[in-house]
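Structure below is query-v7.cif: mmCIF, C-alpha atoms.
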data_input
loop_
_atom_site.label_atom_id
_atom_site.label_comp_id
_atom_site.auth_asym_id
_atom_site.auth_seq_id
_atom_site.Cartn_x
_atom_site.Cartn_y
_atom_site.Cartn_z
CA MET A 1 112.69 -140.08 145.67
CA SER A 2 111.08 -140.26 149.11
CA SER A 3 109.80 -136.66 148.82
CA ARG A 4 108.14 -137.54 145.48
CA LYS A 5 106.55 -140.61 147.07
CA SER A 6 105.21 -138.62 150.03
CA LYS A 7 103.90 -136.00 147.58
CA ASN A 8 102.03 -138.74 145.69
CA ASN A 9 100.63 -140.09 148.96
CA ASN A 10 99.41 -136.61 149.90
CA LEU A 11 97.72 -136.23 146.51
CA ILE A 12 96.01 -139.62 146.88
CA GLN A 13 94.87 -138.71 150.42
CA ALA A 14 93.54 -135.34 149.20
CA GLU A 15 91.61 -137.20 146.47
CA TYR A 16 90.15 -139.61 149.05
CA LEU A 17 89.12 -136.68 151.27
CA LEU A 18 87.30 -135.06 148.35
CA GLN A 19 85.36 -138.30 147.88
CA VAL A 20 84.65 -138.50 151.64
CA GLN A 21 83.28 -134.94 151.57
CA ARG A 22 81.11 -135.72 148.53
CA ILE A 23 79.69 -138.99 149.96
CA LEU A 24 78.95 -137.58 153.43
CA ARG A 25 77.55 -134.24 152.21
CA GLU A 26 75.19 -136.10 149.90
CA ARG A 27 74.16 -138.34 152.79
CA PHE A 28 73.55 -135.40 155.16
CA TRP A 29 71.73 -132.96 152.90
CA HIS A 30 69.88 -135.03 150.31
CA GLN A 31 67.21 -137.42 151.55
CA SER A 32 69.01 -140.13 149.63
CA PRO A 33 67.01 -143.36 149.23
CA HIS A 34 70.33 -145.24 149.56
CA SER A 35 70.82 -144.31 153.25
CA ASN A 36 69.42 -146.45 156.06
CA LEU A 37 66.07 -146.00 157.79
CA PHE A 38 66.13 -145.76 161.59
CA GLY A 39 63.34 -146.95 163.89
CA VAL A 40 60.53 -146.78 161.30
CA GLN A 41 60.51 -150.35 159.96
CA ILE A 42 56.85 -150.99 160.92
CA GLN A 43 55.68 -147.75 159.26
CA TYR A 44 57.81 -148.53 156.19
CA LYS A 45 56.28 -152.02 155.84
CA HIS A 46 52.76 -150.54 156.08
CA LEU A 47 53.52 -147.90 153.41
CA ILE A 48 55.22 -150.24 150.93
CA GLU A 49 52.33 -152.74 151.15
CA LEU A 50 49.87 -149.95 150.47
CA LEU A 51 51.84 -148.71 147.43
CA LYS A 52 52.20 -152.23 146.03
CA ARG A 53 48.45 -152.77 146.28
CA THR A 54 47.96 -149.68 144.09
CA ALA A 55 50.82 -150.33 141.66
CA ILE A 56 50.40 -154.09 141.16
CA HIS A 57 46.74 -154.86 141.97
CA GLY A 58 45.19 -151.55 140.82
CA GLU A 59 43.65 -150.78 144.22
CA SER A 60 43.17 -147.10 145.08
CA ASN A 61 44.37 -145.89 148.48
CA SER A 62 44.93 -142.74 150.52
CA VAL A 63 47.18 -142.23 153.55
CA LEU A 64 48.62 -139.42 155.67
CA ILE A 65 52.20 -139.56 156.99
CA ILE A 66 52.30 -137.37 160.12
CA GLY A 67 55.38 -136.40 162.13
CA PRO A 68 57.43 -133.39 163.30
CA ARG A 69 59.91 -131.72 160.95
CA GLY A 70 63.09 -133.76 160.57
CA SER A 71 61.43 -137.04 161.62
CA GLY A 72 62.09 -138.69 158.23
CA LYS A 73 58.75 -138.42 156.37
CA THR A 74 60.37 -137.58 153.02
CA MET A 75 63.07 -140.21 153.50
CA LEU A 76 60.41 -142.84 154.25
CA ILE A 77 58.44 -142.11 151.07
CA ASN A 78 61.66 -141.91 148.97
CA HIS A 79 62.74 -145.35 150.23
CA ALA A 80 59.32 -146.84 149.53
CA LEU A 81 59.19 -145.41 145.99
CA LYS A 82 62.74 -146.62 145.26
CA GLU A 83 61.84 -150.18 146.33
CA LEU A 84 58.59 -150.00 144.36
CA MET A 85 60.32 -148.86 141.16
CA GLU A 86 62.76 -151.79 141.37
CA VAL A 87 59.84 -154.14 140.58
CA GLU A 88 59.95 -154.55 136.80
CA GLU A 89 56.21 -154.59 136.09
CA VAL A 90 55.80 -151.44 138.21
CA SER A 91 58.64 -149.29 136.87
CA GLU A 92 57.21 -149.30 133.32
CA ASN A 93 53.64 -148.70 134.40
CA VAL A 94 53.36 -146.44 137.47
CA LEU A 95 53.38 -142.64 137.25
CA GLN A 96 54.33 -140.28 140.09
CA VAL A 97 53.09 -136.74 140.72
CA HIS A 98 54.89 -134.69 143.39
CA LEU A 99 53.11 -131.57 144.65
CA ASN A 100 54.16 -129.17 147.40
CA GLY A 101 51.79 -126.87 149.30
CA LEU A 102 54.45 -124.14 149.38
CA LEU A 103 54.73 -124.11 145.56
CA GLN A 104 51.24 -125.04 144.35
CA ILE A 105 49.42 -122.29 146.23
CA ASN A 106 46.07 -122.76 144.46
CA ASP A 107 44.25 -125.50 142.55
CA LYS A 108 44.85 -123.94 139.13
CA ILE A 109 48.65 -124.02 139.60
CA ALA A 110 48.38 -127.57 141.02
CA LEU A 111 46.43 -128.76 137.98
CA LYS A 112 49.01 -127.25 135.60
CA GLU A 113 51.77 -129.03 137.54
CA ILE A 114 49.87 -132.36 137.41
CA THR A 115 49.47 -131.93 133.63
CA ARG A 116 53.20 -131.19 133.27
CA GLN A 117 54.35 -134.13 135.40
CA LEU A 118 52.05 -136.53 133.54
CA ASN A 119 53.40 -135.18 130.20
CA LEU A 120 49.88 -134.39 129.00
CA GLU A 121 50.31 -130.76 127.85
CA ASN A 122 49.79 -131.80 124.20
CA VAL A 123 46.66 -133.82 125.00
CA VAL A 124 45.03 -130.96 126.94
CA GLY A 125 46.03 -128.33 124.36
CA ASP A 126 43.48 -125.48 124.23
CA LYS A 127 40.53 -127.48 125.59
CA VAL A 128 38.12 -125.58 127.83
CA PHE A 129 36.70 -127.48 130.83
CA GLY A 130 33.56 -126.70 132.78
CA SER A 131 35.02 -127.60 136.16
CA PHE A 132 38.14 -128.72 138.01
CA ALA A 133 36.75 -132.27 138.41
CA GLU A 134 36.09 -132.51 134.65
CA ASN A 135 39.65 -131.37 133.89
CA LEU A 136 41.22 -133.86 136.34
CA SER A 137 39.09 -136.79 135.16
CA PHE A 138 40.05 -135.94 131.53
CA LEU A 139 43.74 -136.09 132.50
CA LEU A 140 43.33 -139.49 134.16
CA GLU A 141 41.19 -140.75 131.23
CA ALA A 142 44.05 -139.81 128.88
CA LEU A 143 46.36 -142.17 130.80
CA LYS A 144 44.21 -145.23 130.09
CA LYS A 145 45.85 -147.93 128.00
CA GLY A 146 44.84 -148.82 124.47
CA ASP A 147 42.37 -151.56 125.44
CA ARG A 148 40.49 -149.05 127.68
CA THR A 149 40.04 -151.73 130.39
CA SER A 150 42.90 -150.81 132.67
CA SER A 151 44.81 -147.60 133.44
CA CYS A 152 48.26 -146.53 134.56
CA PRO A 153 48.29 -146.33 138.36
CA VAL A 154 49.17 -142.79 139.54
CA ILE A 155 50.83 -142.02 142.89
CA PHE A 156 50.18 -138.47 144.15
CA ILE A 157 52.62 -137.26 146.85
CA LEU A 158 51.40 -134.06 148.54
CA ASP A 159 54.11 -132.45 150.65
CA GLU A 160 52.97 -129.79 153.19
CA PHE A 161 49.52 -131.39 152.91
CA ASP A 162 47.97 -129.01 155.46
CA LEU A 163 48.51 -126.06 153.07
CA PHE A 164 46.33 -127.75 150.43
CA ALA A 165 43.50 -127.73 153.00
CA HIS A 166 43.54 -123.90 152.82
CA HIS A 167 42.73 -123.89 149.09
CA LYS A 168 39.28 -122.59 148.14
CA ASN A 169 36.61 -125.31 148.79
CA GLN A 170 39.47 -127.89 149.04
CA THR A 171 38.63 -128.81 145.42
CA LEU A 172 41.92 -130.59 144.69
CA LEU A 173 41.75 -132.77 147.82
CA TYR A 174 38.06 -133.50 147.26
CA ASN A 175 38.63 -134.71 143.68
CA LEU A 176 41.75 -136.74 144.49
CA PHE A 177 40.05 -138.52 147.42
CA ASP A 178 36.88 -138.94 145.34
CA ILE A 179 38.84 -140.73 142.59
CA SER A 180 40.64 -142.86 145.20
CA GLN A 181 37.21 -144.00 146.53
CA SER A 182 35.68 -144.72 143.11
CA ALA A 183 36.44 -147.56 140.69
CA GLN A 184 38.15 -145.26 138.19
CA THR A 185 41.90 -144.94 137.56
CA PRO A 186 43.99 -146.62 140.35
CA VAL A 187 45.30 -143.74 142.47
CA ALA A 188 47.33 -143.55 145.69
CA VAL A 189 47.16 -140.19 147.50
CA ILE A 190 49.94 -139.76 150.07
CA GLY A 191 49.94 -136.61 152.22
CA LEU A 192 52.95 -135.53 154.28
CA THR A 193 52.31 -133.11 157.16
CA CYS A 194 53.64 -132.08 160.57
CA ARG A 195 50.20 -131.12 161.95
CA LEU A 196 48.54 -133.60 164.29
CA ASP A 197 45.16 -131.85 163.91
CA ILE A 198 45.16 -132.22 160.11
CA LEU A 199 41.78 -134.03 159.97
CA GLU A 200 40.16 -131.06 161.72
CA LEU A 201 41.16 -128.88 158.77
CA LEU A 202 39.37 -131.05 156.21
CA GLU A 203 35.80 -130.27 155.13
CA LYS A 204 33.13 -132.86 155.89
CA ARG A 205 32.78 -133.97 152.25
CA VAL A 206 36.60 -134.34 151.93
CA LYS A 207 36.91 -136.19 155.24
CA SER A 208 34.18 -138.66 154.26
CA ARG A 209 36.15 -139.64 151.13
CA PHE A 210 39.49 -140.05 152.94
CA SER A 211 40.40 -143.58 154.06
CA HIS A 212 41.55 -142.32 157.52
CA ARG A 213 44.79 -144.29 157.28
CA GLN A 214 47.53 -142.49 159.20
CA ILE A 215 51.21 -143.34 159.64
CA HIS A 216 52.86 -141.55 162.58
CA LEU A 217 56.62 -140.91 162.83
CA MET A 218 57.72 -139.74 166.26
CA ASN A 219 61.52 -140.34 166.56
CA SER A 220 60.93 -142.84 169.34
CA PHE A 221 64.53 -144.13 169.55
CA GLY A 222 66.73 -143.72 172.67
CA PHE A 223 70.29 -142.44 173.09
CA PRO A 224 72.05 -145.80 172.35
CA GLN A 225 70.21 -145.90 169.00
CA TYR A 226 71.12 -142.23 168.41
CA LEU A 227 74.79 -143.10 168.98
CA LYS A 228 74.47 -145.96 166.48
CA ILE A 229 72.94 -143.55 163.93
CA PHE A 230 75.88 -141.16 164.54
CA LYS A 231 78.35 -143.98 163.69
CA GLU A 232 76.41 -145.14 160.64
CA GLN A 233 76.06 -141.60 159.28
CA LEU A 234 79.81 -140.94 159.49
CA SER A 235 81.06 -144.38 158.40
CA LEU A 236 82.31 -144.88 154.84
CA PRO A 237 80.74 -147.64 152.68
CA ALA A 238 82.56 -150.91 151.91
CA VAL A 239 82.79 -149.95 148.21
CA PHE A 240 84.96 -146.88 148.96
CA PRO A 241 87.99 -147.02 146.57
CA GLY A 242 90.72 -146.51 149.23
CA LYS A 243 90.26 -149.56 151.46
CA ILE A 244 93.08 -148.68 153.91
CA PHE A 245 91.93 -145.05 154.22
CA ALA A 246 88.29 -146.17 154.72
CA GLU A 247 89.37 -148.57 157.49
CA LYS A 248 91.31 -145.81 159.26
CA TRP A 249 88.37 -143.40 158.88
CA ASN A 250 85.87 -145.94 160.27
CA GLU A 251 88.22 -146.81 163.16
CA ASN A 252 88.43 -143.08 163.96
CA VAL A 253 84.61 -142.83 163.91
CA GLN A 254 84.40 -145.81 166.28
CA SER A 255 86.89 -144.22 168.71
CA LEU A 256 84.95 -140.90 168.47
CA SER A 257 81.72 -142.66 169.46
CA GLU A 258 83.50 -144.02 172.57
CA ASP A 259 85.04 -140.63 173.51
CA ARG A 260 83.47 -139.14 176.65
CA ASN A 261 83.50 -135.53 175.36
CA VAL A 262 81.81 -136.58 172.10
CA ARG A 263 79.17 -138.52 174.03
CA ASP A 264 78.48 -135.43 176.16
CA VAL A 265 78.05 -133.31 173.01
CA LEU A 266 75.71 -135.89 171.44
CA GLN A 267 73.74 -136.28 174.69
CA ARG A 268 73.17 -132.51 174.85
CA HIS A 269 72.16 -132.48 171.19
CA PHE A 270 69.84 -135.47 171.73
CA ASN A 271 68.19 -133.79 174.75
CA VAL A 272 67.43 -130.67 172.70
CA SER A 273 66.21 -132.42 169.53
CA LYS A 274 66.02 -136.01 168.33
CA SER A 275 65.70 -134.72 164.75
CA LEU A 276 68.22 -136.34 162.40
CA ARG A 277 68.32 -133.04 160.51
CA SER A 278 69.90 -131.28 163.52
CA LEU A 279 72.39 -134.18 163.87
CA HIS A 280 73.27 -133.78 160.18
CA THR A 281 73.86 -130.03 160.73
CA LEU A 282 76.25 -130.84 163.61
CA LEU A 283 78.13 -133.44 161.53
CA MET A 284 78.31 -131.13 158.50
CA LEU A 285 79.90 -128.34 160.55
CA ALA A 286 82.46 -130.83 161.94
CA LEU A 287 83.11 -132.25 158.46
CA ASN A 288 83.94 -128.75 157.16
CA ARG A 289 87.05 -128.80 159.37
CA VAL A 290 88.46 -131.93 157.70
CA THR A 291 91.32 -130.96 155.34
CA PRO A 292 94.42 -132.74 153.87
CA SER A 293 96.47 -131.34 156.79
CA HIS A 294 93.77 -132.45 159.28
CA PRO A 295 92.40 -135.62 157.60
CA PHE A 296 90.38 -137.14 160.45
CA MET A 297 87.57 -135.72 162.55
CA THR A 298 88.38 -135.10 166.21
CA ALA A 299 86.39 -134.56 169.41
CA ALA A 300 87.47 -130.87 169.33
CA ASP A 301 85.86 -130.49 165.87
CA LEU A 302 82.54 -131.82 167.18
CA MET A 303 82.69 -129.65 170.30
CA GLU A 304 83.31 -126.54 168.19
CA ALA A 305 80.51 -127.56 165.79
CA ASN A 306 78.19 -127.92 168.79
CA GLN A 307 79.10 -124.40 169.95
CA LEU A 308 78.24 -123.07 166.48
CA CYS A 309 74.91 -124.94 166.54
CA SER A 310 73.93 -123.62 169.96
CA MET A 311 75.17 -120.07 169.36
CA ASP A 312 72.79 -117.28 170.33
CA SER A 313 71.97 -115.28 167.18
CA LYS A 314 70.95 -112.15 169.13
CA ALA A 315 74.21 -112.17 171.12
CA ASN A 316 76.06 -112.48 167.78
CA ILE A 317 74.32 -109.31 166.53
CA VAL A 318 75.54 -107.46 169.66
CA HIS A 319 79.18 -108.30 168.70
CA GLY A 320 78.79 -106.15 165.58
CA LEU A 321 77.33 -103.04 167.26
CA SER A 322 79.11 -99.72 167.78
CA VAL A 323 80.22 -98.61 171.27
CA LEU A 324 77.38 -96.05 171.34
CA GLU A 325 74.77 -98.77 170.61
CA ILE A 326 76.33 -101.01 173.28
CA CYS A 327 76.04 -98.09 175.76
CA LEU A 328 72.35 -97.68 174.90
CA ILE A 329 71.72 -101.41 175.48
CA ILE A 330 73.48 -101.18 178.88
CA ALA A 331 71.35 -98.12 179.75
CA MET A 332 68.22 -100.15 178.86
CA LYS A 333 69.50 -103.04 181.01
CA HIS A 334 69.85 -100.68 184.01
CA LEU A 335 66.37 -99.24 183.39
CA ASN A 336 64.97 -102.79 183.32
CA ASP A 337 66.69 -103.54 186.64
CA ILE A 338 65.44 -100.33 188.29
CA TYR A 339 61.85 -100.42 187.01
CA GLU A 340 61.50 -104.25 187.00
CA GLU A 341 61.04 -104.90 183.27
CA GLU A 342 58.68 -101.95 182.77
CA PRO A 343 58.79 -100.51 179.20
CA PHE A 344 61.01 -97.47 178.57
CA ASN A 345 61.28 -94.72 175.95
CA PHE A 346 64.18 -93.07 174.12
CA GLN A 347 64.25 -90.05 176.46
CA MET A 348 64.74 -92.29 179.52
CA VAL A 349 67.56 -94.20 177.79
CA TYR A 350 69.19 -90.93 176.66
CA ASN A 351 69.08 -89.50 180.21
CA GLU A 352 70.68 -92.70 181.56
CA PHE A 353 73.41 -92.48 178.90
CA GLN A 354 74.04 -88.79 179.77
CA LYS A 355 74.54 -89.68 183.46
CA PHE A 356 77.22 -92.19 182.45
CA VAL A 357 78.95 -89.73 180.05
CA GLN A 358 79.12 -87.03 182.75
CA ARG A 359 80.84 -89.49 185.12
CA LYS A 360 83.22 -90.94 182.51
CA ALA A 361 83.68 -88.03 180.09
CA HIS A 362 87.33 -89.04 179.44
CA SER A 363 86.45 -92.49 177.99
CA VAL A 364 83.19 -92.02 176.04
CA TYR A 365 82.46 -89.27 173.51
CA ASN A 366 79.33 -87.24 174.24
CA PHE A 367 77.30 -87.69 171.04
CA GLU A 368 74.64 -85.25 169.85
CA LYS A 369 71.04 -86.24 170.57
CA PRO A 370 70.10 -86.88 166.86
CA VAL A 371 73.09 -89.25 166.55
CA VAL A 372 71.97 -91.17 169.65
CA MET A 373 68.44 -91.26 168.21
CA LYS A 374 69.81 -92.79 164.97
CA ALA A 375 71.64 -95.48 166.97
CA PHE A 376 68.42 -96.18 168.92
CA GLU A 377 66.48 -96.61 165.64
CA HIS A 378 69.18 -98.95 164.34
CA LEU A 379 68.67 -101.18 167.40
CA GLN A 380 64.96 -101.25 166.55
CA GLN A 381 65.73 -102.26 162.94
CA LEU A 382 67.91 -105.11 164.24
CA GLU A 383 64.91 -106.20 166.41
CA LEU A 384 66.91 -105.95 169.63
CA ILE A 385 64.17 -103.63 170.89
CA ARG A 386 60.54 -103.45 169.82
CA PRO A 387 57.71 -100.92 170.31
CA MET A 388 55.00 -101.92 172.78
CA GLU A 389 52.24 -100.63 170.49
CA ARG A 390 51.79 -99.65 166.85
CA THR A 391 53.40 -96.31 166.00
CA SER A 392 50.90 -93.53 165.28
CA VAL A 393 51.72 -90.71 162.85
CA ASN A 394 51.41 -87.95 165.44
CA ALA A 395 53.33 -89.67 168.26
CA GLN A 396 56.74 -88.29 169.20
CA ARG A 397 59.42 -90.92 168.63
CA GLU A 398 61.31 -89.95 171.81
CA TYR A 399 58.36 -90.96 173.99
CA GLN A 400 57.29 -94.17 172.28
CA LEU A 401 57.38 -97.07 174.77
CA MET A 402 59.87 -99.85 173.95
CA LYS A 403 60.86 -103.26 175.30
CA LEU A 404 64.35 -104.79 175.28
CA LEU A 405 64.47 -108.25 173.65
CA LEU A 406 67.77 -109.28 175.29
CA ASP A 407 68.10 -110.63 178.80
CA ASN A 408 70.95 -109.74 181.20
CA THR A 409 72.82 -113.00 180.59
CA GLN A 410 72.87 -112.46 176.82
CA ILE A 411 74.14 -108.88 177.27
CA MET A 412 76.93 -109.90 179.67
CA ASN A 413 78.04 -112.86 177.51
CA ALA A 414 78.12 -110.64 174.43
CA LEU A 415 80.18 -107.99 176.28
CA GLN A 416 82.76 -110.60 177.31
CA LYS A 417 83.38 -111.38 173.63
CA TYR A 418 83.00 -107.79 172.35
CA PRO A 419 86.30 -106.73 170.69
CA ASN A 420 88.07 -103.69 172.21
CA CYS A 421 85.23 -102.80 174.56
CA PRO A 422 86.21 -99.79 176.72
CA THR A 423 86.86 -100.84 180.32
CA ASP A 424 84.56 -98.13 181.71
CA VAL A 425 81.67 -99.39 179.55
CA ARG A 426 82.21 -102.96 180.77
CA GLN A 427 82.38 -101.80 184.39
CA TRP A 428 79.17 -99.78 183.88
CA ALA A 429 77.40 -102.95 182.67
CA THR A 430 78.48 -104.94 185.74
CA SER A 431 78.08 -102.08 188.26
CA SER A 432 75.55 -102.14 191.06
CA LEU A 433 72.52 -99.85 190.89
CA SER A 434 73.23 -97.87 194.07
CA TRP A 435 74.97 -94.92 192.36
CA LEU A 436 72.54 -94.59 189.43
#

Structure rendered as structure tokens:
Amino acid sequence: MSSRKSKNNNLIQAEYLLQVQRILRERFWHQSPHSNLFGVQIQYKHLIELLKRTAIHGESNSVLIIGPRGSGKTMLINHALKELMEVEEVSENVLQVHLNGLLQINDKIALKEITRQLNLENVVGDKVFGSFAENLSFLLEALKKGDRTSSCPVIFILDEFDLFAHHKNQTLLYNLFDISQSAQTPVAVIGLTCRLDILELLEKRVKSRFSHRQIHLMNSFGFPQYLKIFKEQLSLPAVFPGKIFAEKWNENVQSLSEDRNVRDVLQRHFNVSKSLRSLHTLLMLALNRVTPSHPFMTAADLMEANQLCSMDSKANIVHGLSVLEICLIIAMKHLNDIYEEEPFNFQMVYNEFQKFVQRKAHSVYNFEKPVVMKAFEHLQQLELIRPMERTSVNAQREYQLMKLLLDNTQIMNALQKYPNCPTDVRQWATSSLSWL
């Protein structure tokens, strides 16, 4: 009877853990408008007032939201739109158009996307327009209500705004800002960008029609606030079905936030980047280790997740190389030490490798020169070495000058973790230069 009961408890706990994974993954990876905003209350108030003036009072506006990647620009606009759409008179009336500079790479594609999002494909049909402005004004005219006196307010959200500035003549931006300045359809144009010099990219005629409103997000919070965000991001909501499990989980999160090792990990992470996106990556890697047999997150999980976050990608590539390729990298390291970072060519590396093989013939196989050349080219493909100048057709590959893109520390750390590395090769890497 007791075994059946414990089995049921395990099943219930496994079910709770599935829900925990779902809730937290959604919180970390989707800019959910249900999650909390941190340190941007003033900017949020400014933005929501501006949107309400467009949606409720029919006043056209334009604004740029500027901040580094991961500072919460998308989350800010999502929160503001969610609050706006909860107002009854707004939700039935306001239309949204979301454009992205990475997807809408020219004005023609952007116009098609605007037509699609406004559900006006049937209205446009096969009409031929003389200009972009004529086409856009026709679309907005089509949104006017039956009495022709007032129109549906339209909110344009332009993600990667700086890429739209590279479109030919900036026609889209010019027409959107022009409409926002005129007494036509109520329009709010909101640009999201990470470039501080964005106004320098705008043409004079576009700049003159922009309202010059800017909202800056700079992640200005300190470490105590960062710690609070860490707790809030990991805590389960009050509506979680398993009350007792949720209490235990939240108590564990509280004790984690007080743990000295966890604080050290978070402090290091905070010093590198205040971006909430990088914090979410850390928490996601730690969350992946939570299983029914290991139901609560521990300090060790976070420390391992931090190691994965700060892992050197180039050193990881070295772990997968053959012994011959490792030998070539060590030969390049010695050449760098002897000639003080001067560029080298394949022939120099091959000669260095031959010296080593002659000394340690019993431990390393003496490969043919074409085989060594193939290994050298593979290192170039992996971008561990790069040519100093563009390769010419007539140049001999053996004498093309190269530069090593790994430093000594990376090479030595990678060798420590390299599986089954011959002892002689390791000793060669750490040896002094006197006998070379």

* To do: Report as a list in words the residues that result from applying the PyMOL selection byres ((chain A and resi 204-210) around 6) to the structure here.
  =>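 Matching residues under the PyMOL selection byres ((chain A and resi 204-210) around 6) are Tyr174, Phe177, Asp178, Leu202, Glu203, Ser211 and His212 of chain A.
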
Q) Which polymer residues have any atom within 10 Å of an atom of range 280-289 of chain A, counting all atoms listed in the file, with same-chain residues fewer than 4 positions away left out, as a PyMOL selection string? A) chain A and resi 20-21+24-25+27-29+230+233-234+265-266+269+275-276+294-310

Could you write out that same residue set with C-alpha atoms as an mmCIF file, keeping the file's coordinate frame?
data_model
loop_
_atom_site.group_PDB
_atom_site.id
_atom_site.type_symbol
_atom_site.label_atom_id
_atom_site.label_comp_id
_atom_site.auth_asym_id
_atom_site.auth_seq_id
_atom_site.Cartn_x
_atom_site.Cartn_y
_atom_site.Cartn_z
ATOM 1 C CA VAL A 20 84.650 -138.500 151.640
ATOM 2 C CA GLN A 21 83.280 -134.940 151.570
ATOM 3 C CA LEU A 24 78.950 -137.580 153.430
ATOM 4 C CA ARG A 25 77.550 -134.240 152.210
ATOM 5 C CA ARG A 27 74.160 -138.340 152.790
ATOM 6 C CA PHE A 28 73.550 -135.400 155.160
ATOM 7 C CA TRP A 29 71.730 -132.960 152.900
ATOM 8 C CA PHE A 230 75.880 -141.160 164.540
ATOM 9 C CA GLN A 233 76.060 -141.600 159.280
ATOM 10 C CA LEU A 234 79.810 -140.940 159.490
ATOM 11 C CA VAL A 265 78.050 -133.310 173.010
ATOM 12 C CA LEU A 266 75.710 -135.890 171.440
ATOM 13 C CA HIS A 269 72.160 -132.480 171.190
ATOM 14 C CA SER A 275 65.700 -134.720 164.750
ATOM 15 C CA LEU A 276 68.220 -136.340 162.400
ATOM 16 C CA HIS A 294 93.770 -132.450 159.280
ATOM 17 C CA PRO A 295 92.400 -135.620 157.600
ATOM 18 C CA PHE A 296 90.380 -137.140 160.450
ATOM 19 C CA MET A 297 87.570 -135.720 162.550
ATOM 20 C CA THR A 298 88.380 -135.100 166.210
ATOM 21 C CA ALA A 299 86.390 -134.560 169.410
ATOM 22 C CA ALA A 300 87.470 -130.870 169.330
ATOM 23 C CA ASP A 301 85.860 -130.490 165.870
ATOM 24 C CA LEU A 302 82.540 -131.820 167.180
ATOM 25 C CA MET A 303 82.690 -129.650 170.300
ATOM 26 C CA GLU A 304 83.310 -126.540 168.190
ATOM 27 C CA ALA A 305 80.510 -127.560 165.790
ATOM 28 C CA ASN A 306 78.190 -127.920 168.790
ATOM 29 C CA GLN A 307 79.100 -124.400 169.950
ATOM 30 C CA LEU A 308 78.240 -123.070 166.480
ATOM 31 C CA CYS A 309 74.910 -124.940 166.540
ATOM 32 C CA SER A 310 73.930 -123.620 169.960
#

- Query: Which residues match the PyMOL selection byres ((chain A and resi 153) around 10) in the file above, as an MDAnalysis selection string?
  - Reply: chainID A and resid 54:60 90 93:96 140 143:144 150:152 154:156 185:188

Residues within 8 Å of (66.0, -101.4, 178.8), file coords, only C-alpha atoms, listed as a list in words
Ile329, Ile330, Ala331, Met332, Lys333, His334, Leu335, Asn336, Glu341, Pro343, Phe344, Val349, Met402, Lys403 and Leu404 of chain A

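Residues captured in this structure file are His98, Leu99, Asn100, Gly101, Leu103, Gln104, Ile105, Asn106, Asp107, Lys108, Lys112, Glu113, Ile114, Thr115, Arg116, Gln117, Phe132, Asn135, Leu136, Leu139, Phe164 and Leu172 of chain A, according to the PyMOL selection byres ((chain A and resi 109-111) around 10).
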
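What separates CA of Ile198 in chain A from CA of Leu76 in chain A is a distance of 19.5 Å.
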
Write out as a PyMOL selection string each polymer residue whose atoms come within 7 Å of Ile190 in chain A, counting all atoms listed in the file; drop sequence neighbours fewer than 4 positions from it. chain A and resi 62-64+156-158

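Candidate residues A:Asp407, A:Pro419, A:Ser235, A:Tyr399 were compared for distance to Gly320 in chain A, and the nearest is A:Pro419, using all atoms listed in the file.
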
Find the residues around Ser137 in chain A up to 10 Å (all atoms listed in the file counted), leave out those fewer than 5 positions away in its own chain, and share them as a compact mmCIF listing (two decimals) with C-alpha atoms, keeping the file's coordinate frame.
# COMPACT_ATOMS: atom_id res chain seq x y z
CA PHE A 132 38.14 -128.72 138.01
CA ALA A 142 44.05 -139.81 128.88
CA ASN A 175 38.63 -134.71 143.68
CA LEU A 176 41.75 -136.74 144.49
CA ILE A 179 38.84 -140.73 142.59
CA GLN A 184 38.15 -145.26 138.19
CA THR A 185 41.90 -144.94 137.56

Report task. Using CA of Phe138 in chain A and CA of Leu120 in chain A as the two end points, give the distance in Å to one decimal. Result ->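 Between CA of Phe138 in chain A and CA of Leu120 in chain A the gap is 10.3 Å.
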